[in-house]
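Only one structure is covered here, and it is reproduced in the block below.
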Amino acid sequence: MYRQKYLFLTPGLIALVAIILFPLLFTIRVSFSGWDVYNPGLSWKGGQNFSRLMADSRYWAALGRLSVMAVGTVLIQYVLGFALALLVWRDVIARRFFRVLFLVPMMTTPVIMSVIWRTIFHESLGPLNPIIRGLGLPGVPWLSDPVWAFVAVMLVEIWQWTPFMFLLLLAGLLSLPSEPYLAARIDGAGPVRTFFSVTFPGLAAISVGAIVIRLIEASKILDTVYVMTSGGPGESTETASYYIYIRGLRDFQIGYSAALSIIYLVIMIVALTIIAKLLVRFLVRPAP
Amino acid sequence: MTSRIRNSLLATTVLSLAALPVAAPSAWAETPDYAAMYPISADVPGVCSFEAIDARDYSGRTLNIITHAIPVIGEPTALHAAQFAELTGATVNVVHVPFGDLFQRIMIPFQTGQAAYDALFFPSLWLGDFNPYLAPVPEAYRETQGMQDLTATYRGVATWNNEMLLYTMDGDRHYMKYRADIFDNPDMQARFEQETGRALTPPATWEEYNEIAAVFSGWDWDGDGQPNFGTAEVTQRDDLMFSAFISRVAGYAKNPDVTGGFFFDLETMEPLVNTPGWVRGLEMFVAAQASMPPGGTNFGLGDEIFSFGGGQTLMSYSWDDAFIQAQQEDSPIRNSVMPTALPGSTEVWNRNTGEWETFAEPNRPGYVTWGWTSAVAGSSQNQDMAFDFLCFFANEANTESDMQVGRYGVNPYRESHFEAAFYEDELGWTPEVSQAYVETLRGIDENPNRVFDLRVPGVGEFMSSLAAGVARAQAGTATPQQALDDVADEWRAIVDRIGADTIRAAYANVVALEDAR
């Protein structure tokens, strides 16, 4: 009778294995195969894909580029999201309107918005450069210069996902108790002191969650790069996920791209675990 | 005996009379006016005409088709699929896939043995990968008037190991386009002569092309108040840039006196991509960046079409699209543009002698590249219906209609498509433009020195590697020689992995086309 209770876990376990574990295990198996355009199937290649990967400088460069892009965009999103949340936290005119307005970018389809932004950044036909030139400044080679193309991709990411930070941090702000603010006011704390001593510590836990979630998402950036730059000029905007996409679905090196994905997954798990621990250690104060 | 005959006649008469009410409506009814029902000028009698397909009954059967996204090829597929369903009673499902996903969406069902699609539309250069999975075109379809009318070039493109596997419905090649109104303008001619010391003529070499492009860059030569530029080219890494680059290279590296491979030495399977002819082509490609419009170093095919077709640039080269865009009825430069063969070079690398050869007349190879095509899956349970559909798609009436809509991406591939009168009468082009168009296309078909796409297993990987190397040189992160040396190393690794003999066997089909003349 006591053991029968485990039967009730069976449907959930089957679903878990089918949905999460099987694809993961299958990907690991594929990563040891030579499945490509000419050799379909799960032939056993041992560690060949992994040794090839170690010498693949393009992959490691793409991973480095991704790190800069993900950390850079998420930090800026956090700062902007926090600022916007503070802006509409208190009573301001048309507060509800602004709250909805700030969320609009997040609700748009990334691939469509990338097409729109590509048009905006288009150096011959787009509207942005004429505006810049109208201000007396020279036009910017948004998508044809390696550095500017990187910046352009980051700008689109920041534009699209700052609302996510805004949403979480606003929810956090609205849930803060009012007593600490009352105490701070009685103690004569100014707005800056109040922010760093009351507001920011109060949002530390939710900040860590928001940053980690966004880092996970940002590390998968693909559609913006695909549409706006195709990884160029040269390889200046090629991220790890886009490189895996090229190897897997363009070049049809299924085995090799599976190996790239597995290593990518391992690196992400390790890196994000370390980042999350560091953030918790430095931002979240233990309760008194 | 007489009684038996009488009885037979009586029986026949009774049966005929009994059948009459059933047969009469179809036998006596007038043939429908298909031109009034569908967007064609007239149905053309034949095995796959509207009338012939109307007589088929595929009620209760389902045809699954995979094709490109709308509009290029995707839009005519959807149109003709709906017509086919209406005429035959079949249920026709059309799946539209963006180009970046099309290869794997076709290949994965092939490799896993699923009969996911009956009819397929894809670029013809994938034949090297897909050929084991395709059904040969049956003789009955090879004998149709439309098939008999294919040019030798596109018949060759559709054939693999002496078997026709592709159902041809498009013909593509690269050629050059230029603004004839500017080239013919005396003021422009004077200005060019003053700056360069030579007469302004359509470029016959890539050196001339770059020189003209440089002179006509950065100033308003068409008087619209906006600066114009010399050249629009497809330069975005993963957006067909490799085809543009091959056009740039062919004149230097495809020596008419050297047989046995353009991409590889067929005997040794040693890559030729880093030989001096290829490197020179890349140097010229990189140098031309200075004469491109702002953002021109990141132009995809769509950008190139709108840049030249919209009047921003003086010259361009690629497929028909930019030219057709410029020739649209609402185009401000309609009938002010001219097509001509790709430029070439008077210096051509000879890999047999290991030296540059000097030619009195520029070497200008034709580049037969890409071309959408169609086929039937070998695993399809509906091959009869699928071939009927492809035959219907490419019947004379539909093709004539499709060729008039630029965005459809259907370009000349039959002998009958090379009639200048068609473009003059149906599309409103001037006699000069119509004649030049037909002569340019015909010239590529008849050129004894031609380059075809690398149609071997793993072509996507080879071209992806090539594009990445070229992009590095364009971005200035590698010299042309370094970039192409890296590409050659990657190509060797791909050959080792897939197998030199496998690739050689496939590449022999391409070399046979190139060396046929």
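Here, A, B, ... name the chains of the structure tokens in the order displayed, residue numbers run from 1 inside each chain, and ligands are numbered from 1 in the same displayed order.
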
Contacts of chain A with chain B up to 8 Å, shortest pair per row, only C-alpha atoms, as a Markdown table:
```
| residue | atom | partner | partner_atom | distance |
| --- | --- | --- | --- | --- |
| A:Val37 | CA | B:Gly458 | CA | 6.0 |
| A:Tyr38 | CA | B:Pro457 | CA | 6.3 |
| A:Asn39 | CA | B:Ile498 | CA | 7.8 |
| A:Pro40 | CA | B:Gln111 | CA | 6.0 |
| A:Gly41 | CA | B:Gln111 | CA | 7.9 |
| A:His122 | CA | B:Gly295 | CA | 6.6 |
| A:Glu123 | CA | B:Gly295 | CA | 4.9 |
| A:Ser124 | CA | B:Pro294 | CA | 5.3 |
| A:Pro141 | CA | B:Gly295 | CA | 6.5 |
| A:Trp142 | CA | B:Gly295 | CA | 7.6 |
| A:Leu143 | CA | B:Gly295 | CA | 6.4 |
| A:Ser144 | CA | B:Gly295 | CA | 5.3 |
| A:Asp145 | CA | B:Ala475 | CA | 7.8 |
| A:Pro146 | CA | B:Ala475 | CA | 7.4 |
| A:Thr229 | CA | B:Asn298 | CA | 7.4 |
| A:Ser230 | CA | B:Asp238 | CA | 5.9 |
| A:Gly231 | CA | B:Arg237 | CA | 7.6 |
| A:Gly232 | CA | B:Arg237 | CA | 6.4 |
| A:Pro233 | CA | B:Ala475 | CA | 5.8 |
| A:Gly234 | CA | B:Arg472 | CA | 4.4 |
| A:Glu235 | CA | B:Arg472 | CA | 7.0 |
| A:Arg247 | CA | B:Glu461 | CA | 7.9 |
| A:Leu249 | CA | B:Gln104 | CA | 5.9 |
| A:Arg250 | CA | B:Gly460 | CA | 6.3 |
| A:Asp251 | CA | B:Glu461 | CA | 4.4 |
| A:Phe252 | CA | B:Gln104 | CA | 7.0 |
```

Can you tell me, as an NGL selection string, what residues are no more than 10 Å from Asn335 of chain B when counting only C-alpha atoms, ignoring any on the same chain fewer than 5 positions away? :B and (179-181 or 323 or 326-329 or 428-434)

Excluding same-chain residues fewer than 6 positions from segment 254-257 of chain A, what lies within 8 Å of it counting only C-alpha atoms, as a tab-separated table (two decimals) with C-alpha atoms, in the first residue's frame?
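What ended up in around-v2.tsv:
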```tsv
chain	number	residue	atom	x	y	z
A	30	VAL	CA	23.87	12.69	-31.81
A	31	SER	CA	26.91	14.69	-30.69
A	32	PHE	CA	28.97	11.50	-30.85
A	33	SER	CA	27.79	10.74	-34.41
A	34	GLY	CA	28.92	11.87	-37.83
A	35	TRP	CA	25.40	12.74	-39.00
A	36	ASP	CA	25.73	15.16	-41.87
A	49	ASN	CA	33.27	16.21	-32.93
A	50	PHE	CA	34.51	17.39	-29.56
A	53	LEU	CA	35.30	21.77	-31.58
A	244	ILE	CA	25.47	26.63	-34.16
A	245	TYR	CA	22.49	27.43	-36.37
A	247	ARG	CA	26.59	24.57	-38.74
A	248	GLY	CA	23.42	22.64	-37.97
```

Closest to Val147 of chain A among A:Met69, A:Leu260, A:Val198, A:Ile132, using only C-alpha atoms?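 Result for the nearest residue to Val147 of chain A: A:Met69.
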
Could you state the separation of atom CA of Asp170 of chain B and atom CA of Cys48 of chain B in Å, given to one decimal place? 16.9 Å

Show which residues sit within 9 Å of segment 62-65 of chain A, as number ranges by chain. Count only C-alpha atoms, and ignore same-chain residues fewer than 3 positions away. A: 57-59, 68-70, 235-243, 264

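Reported to one decimal place, the separation of atom CA of Asn447 of chain B from atom CA of Glu426 of chain B is 27.6 Å.
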
Set the distance at 9 Å and use only C-alpha atoms: which residues neighbour Leu266 of chain B once local chain neighbours fewer than 4 positions away are removed? I'd like the list as a PyMOL selection string. chain B and resi 260-262+270+504+507-508+511

Using only all heavy atoms, please write the residues we just selected to a file, as a short mmCIF file (atom, residue, chain, number, x, y, z; two decimals), in the first residue's frame.
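Once written, selection.cif looks like this:
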```cif
data_model
loop_
_atom_site.label_atom_id
_atom_site.label_comp_id
_atom_site.auth_asym_id
_atom_site.auth_seq_id
_atom_site.Cartn_x
_atom_site.Cartn_y
_atom_site.Cartn_z
N GLY B 260 38.51 20.30 -66.59
CA GLY B 260 38.72 19.46 -65.41
C GLY B 260 38.45 20.13 -64.08
O GLY B 260 38.92 19.63 -63.05
N GLY B 261 37.65 21.19 -64.09
CA GLY B 261 37.20 21.74 -62.82
C GLY B 261 37.52 23.20 -62.59
O GLY B 261 38.60 23.67 -62.97
N PHE B 262 36.56 23.89 -61.99
CA PHE B 262 36.71 25.30 -61.64
C PHE B 262 36.87 25.45 -60.12
O PHE B 262 37.68 26.23 -59.65
CB PHE B 262 35.46 26.05 -62.12
CG PHE B 262 35.36 27.48 -61.67
CD1 PHE B 262 36.22 28.44 -62.19
CD2 PHE B 262 34.39 27.88 -60.75
CE1 PHE B 262 36.11 29.77 -61.79
CE2 PHE B 262 34.28 29.20 -60.35
CZ PHE B 262 35.14 30.14 -60.87
N GLU B 270 41.80 18.64 -55.22
CA GLU B 270 42.46 19.72 -54.51
C GLU B 270 41.67 21.01 -54.77
O GLU B 270 41.38 21.34 -55.93
CB GLU B 270 43.90 19.86 -55.01
CG GLU B 270 44.71 20.99 -54.40
CD GLU B 270 44.97 20.82 -52.90
OE1 GLU B 270 44.83 19.69 -52.39
OE2 GLU B 270 45.29 21.83 -52.25
N ARG B 504 34.00 13.63 -55.79
CA ARG B 504 34.48 13.59 -57.17
C ARG B 504 33.39 13.07 -58.12
O ARG B 504 33.15 13.62 -59.19
CB ARG B 504 35.72 12.72 -57.29
CG ARG B 504 36.28 12.71 -58.73
CD ARG B 504 37.42 11.73 -58.92
NE ARG B 504 38.62 12.16 -58.22
CZ ARG B 504 39.12 11.57 -57.14
NH1 ARG B 504 38.51 10.49 -56.63
NH2 ARG B 504 40.22 12.01 -56.56
N TYR B 507 30.92 15.79 -58.52
CA TYR B 507 31.48 16.96 -59.21
C TYR B 507 31.70 16.68 -60.70
O TYR B 507 31.66 17.60 -61.52
CB TYR B 507 32.78 17.38 -58.52
CG TYR B 507 33.35 18.69 -59.01
CD1 TYR B 507 32.53 19.81 -59.16
CD2 TYR B 507 34.70 18.82 -59.33
CE1 TYR B 507 33.04 21.00 -59.62
CE2 TYR B 507 35.22 20.03 -59.79
CZ TYR B 507 34.38 21.11 -59.93
OH TYR B 507 34.88 22.31 -60.39
N ALA B 508 31.89 15.40 -61.03
CA ALA B 508 32.07 15.04 -62.44
C ALA B 508 30.86 15.48 -63.27
O ALA B 508 31.01 15.85 -64.45
CB ALA B 508 32.29 13.54 -62.56
N VAL B 511 31.43 19.21 -63.91
CA VAL B 511 32.54 19.41 -64.86
C VAL B 511 32.11 18.99 -66.26
O VAL B 511 32.48 19.63 -67.26
CB VAL B 511 33.79 18.63 -64.39
CG1 VAL B 511 34.90 18.71 -65.43
CG2 VAL B 511 34.27 19.19 -63.06
#
```

Contacts of segment 107-111 of chain A within 7 Å, only C-alpha atoms, excl. fewer than 3 positions in-chain, as a ChimeraX atom specification: /A:103-104,114-115,223-224

Selection above as a file: N, CA, C and O atoms, as a PDB file, in the first residue's frame:
```pdb
ATOM      1  N   LEU A 103       5.876  48.588 -22.033  1.00  0.00           N
ATOM      2  CA  LEU A 103       5.857  47.138 -22.248  1.00  0.00           C
ATOM      3  C   LEU A 103       5.726  46.756 -23.723  1.00  0.00           C
ATOM      4  O   LEU A 103       5.930  45.601 -24.092  1.00  0.00           O
ATOM      5  N   VAL A 104       5.386  47.731 -24.552  1.00  0.00           N
ATOM      6  CA  VAL A 104       5.109  47.423 -25.961  1.00  0.00           C
ATOM      7  C   VAL A 104       6.267  46.694 -26.660  1.00  0.00           C
ATOM      8  O   VAL A 104       6.046  45.674 -27.325  1.00  0.00           O
ATOM      9  N   SER A 114      13.127  42.924 -35.728  1.00  0.00           N
ATOM     10  CA  SER A 114      14.482  42.965 -36.286  1.00  0.00           C
ATOM     11  C   SER A 114      14.446  43.464 -37.730  1.00  0.00           C
ATOM     12  O   SER A 114      15.323  44.206 -38.164  1.00  0.00           O
ATOM     13  N   VAL A 115      13.417  43.040 -38.457  1.00  0.00           N
ATOM     14  CA  VAL A 115      13.270  43.518 -39.843  1.00  0.00           C
ATOM     15  C   VAL A 115      13.034  45.030 -39.840  1.00  0.00           C
ATOM     16  O   VAL A 115      13.631  45.776 -40.628  1.00  0.00           O
ATOM     17  N   ASP A 223      17.670  35.500 -33.600  1.00  0.00           N
ATOM     18  CA  ASP A 223      16.847  36.118 -34.640  1.00  0.00           C
ATOM     19  C   ASP A 223      17.307  37.527 -35.012  1.00  0.00           C
ATOM     20  O   ASP A 223      17.313  37.896 -36.191  1.00  0.00           O
ATOM     21  N   THR A 224      17.727  38.294 -34.006  1.00  0.00           N
ATOM     22  CA  THR A 224      18.164  39.668 -34.293  1.00  0.00           C
ATOM     23  C   THR A 224      19.411  39.646 -35.182  1.00  0.00           C
ATOM     24  O   THR A 224      19.511  40.403 -36.159  1.00  0.00           O
TER      25      THR A 224
END
```

Could you pull out the alpha helix (DSSP H) residues of segment 59-245 of chain A, going by DSSP on the backbone, and write them as a PyMOL selection string? chain A and resi 59-89+95-107+110-121+128-134+146-174+179-186+191-194+200-202+204-218+223-228+240-245

Quick one: residues within 8 Å of segment 224-230 of chain B, only C-alpha atoms, excluding same-chain residues fewer than 4 positions away - as an MDAnalysis selection string? chainID B and resid 212:220 291:293 312:315

What gap, in Å, lies between atom CA of Phe121 of chain B and atom CA of Thr119 of chain A? 29.1 Å

Tell me, which residues of segment 301-361 of chain B carry DSSP strand (DSSP E or B), written as JSON, numbers by chain? {"B": [313, 314, 315, 316, 317, 318, 337, 338, 339, 340, 344, 345, 346, 347, 348, 349, 350, 355, 356, 357, 358, 359, 360, 361]}

Could you write those residues out with N, CA and C atoms, as a short mmCIF file (atom, residue, chain, number, x, y, z; two decimals), in the first residue's frame?
```
data_model
loop_
_atom_site.label_atom_id
_atom_site.label_comp_id
_atom_site.auth_asym_id
_atom_site.auth_seq_id
_atom_site.Cartn_x
_atom_site.Cartn_y
_atom_site.Cartn_z
N THR B 313 22.02 53.24 -58.12
CA THR B 313 23.36 52.86 -58.60
C THR B 313 23.42 52.72 -60.11
N LEU B 314 24.64 52.86 -60.61
CA LEU B 314 24.85 52.86 -62.06
C LEU B 314 24.88 51.45 -62.63
N MET B 315 25.48 50.54 -61.87
CA MET B 315 25.67 49.18 -62.40
C MET B 315 25.37 48.16 -61.30
N SER B 316 25.13 46.97 -61.77
CA SER B 316 24.89 45.87 -60.85
C SER B 316 25.03 44.57 -61.64
N TYR B 317 25.08 43.48 -60.91
CA TYR B 317 25.09 42.18 -61.58
C TYR B 317 24.54 41.15 -60.61
N SER B 318 23.76 40.27 -61.08
CA SER B 318 23.25 39.12 -60.33
C SER B 318 22.17 38.50 -61.21
N VAL B 337 17.58 51.02 -68.78
CA VAL B 337 18.60 50.07 -68.32
C VAL B 337 18.87 49.05 -69.42
N MET B 338 20.05 48.50 -69.37
CA MET B 338 20.44 47.52 -70.40
C MET B 338 21.12 46.33 -69.72
N PRO B 339 20.87 45.14 -70.22
CA PRO B 339 21.61 43.98 -69.73
C PRO B 339 22.79 43.68 -70.64
N THR B 340 23.81 43.09 -70.08
CA THR B 340 24.94 42.61 -70.90
C THR B 340 25.65 41.50 -70.13
N GLY B 344 34.73 40.46 -67.54
CA GLY B 344 35.72 39.39 -67.36
C GLY B 344 37.09 39.96 -67.15
N SER B 345 38.06 39.36 -67.83
CA SER B 345 39.43 39.82 -67.65
C SER B 345 40.27 39.45 -68.87
N THR B 346 41.26 40.29 -69.14
CA THR B 346 42.19 39.94 -70.22
C THR B 346 43.35 39.10 -69.69
N GLU B 347 43.46 39.06 -68.36
CA GLU B 347 44.47 38.19 -67.75
C GLU B 347 43.75 37.03 -67.07
N VAL B 348 44.08 35.84 -67.46
CA VAL B 348 43.37 34.66 -66.95
C VAL B 348 44.39 33.66 -66.43
N TRP B 349 44.11 33.16 -65.23
CA TRP B 349 45.04 32.20 -64.63
C TRP B 349 44.91 30.84 -65.30
N ASN B 350 46.07 30.25 -65.63
CA ASN B 350 46.08 28.90 -66.20
C ASN B 350 46.70 27.98 -65.15
N GLU B 355 50.65 29.94 -64.69
CA GLU B 355 50.97 31.32 -65.10
C GLU B 355 49.70 32.05 -65.53
N TRP B 356 49.82 33.39 -65.52
CA TRP B 356 48.75 34.22 -66.08
C TRP B 356 48.87 34.22 -67.59
N GLU B 357 47.75 34.12 -68.27
CA GLU B 357 47.73 34.22 -69.73
C GLU B 357 47.05 35.53 -70.12
N THR B 358 47.57 36.16 -71.15
CA THR B 358 46.97 37.41 -71.61
C THR B 358 46.10 37.13 -72.84
N PHE B 359 44.86 37.61 -72.77
CA PHE B 359 43.91 37.42 -73.87
C PHE B 359 43.70 38.75 -74.60
N ALA B 360 43.60 38.68 -75.92
CA ALA B 360 43.34 39.90 -76.70
C ALA B 360 41.93 40.42 -76.39
N GLU B 361 40.98 39.53 -76.33
CA GLU B 361 39.61 39.88 -75.98
C GLU B 361 39.36 39.40 -74.55
#
```
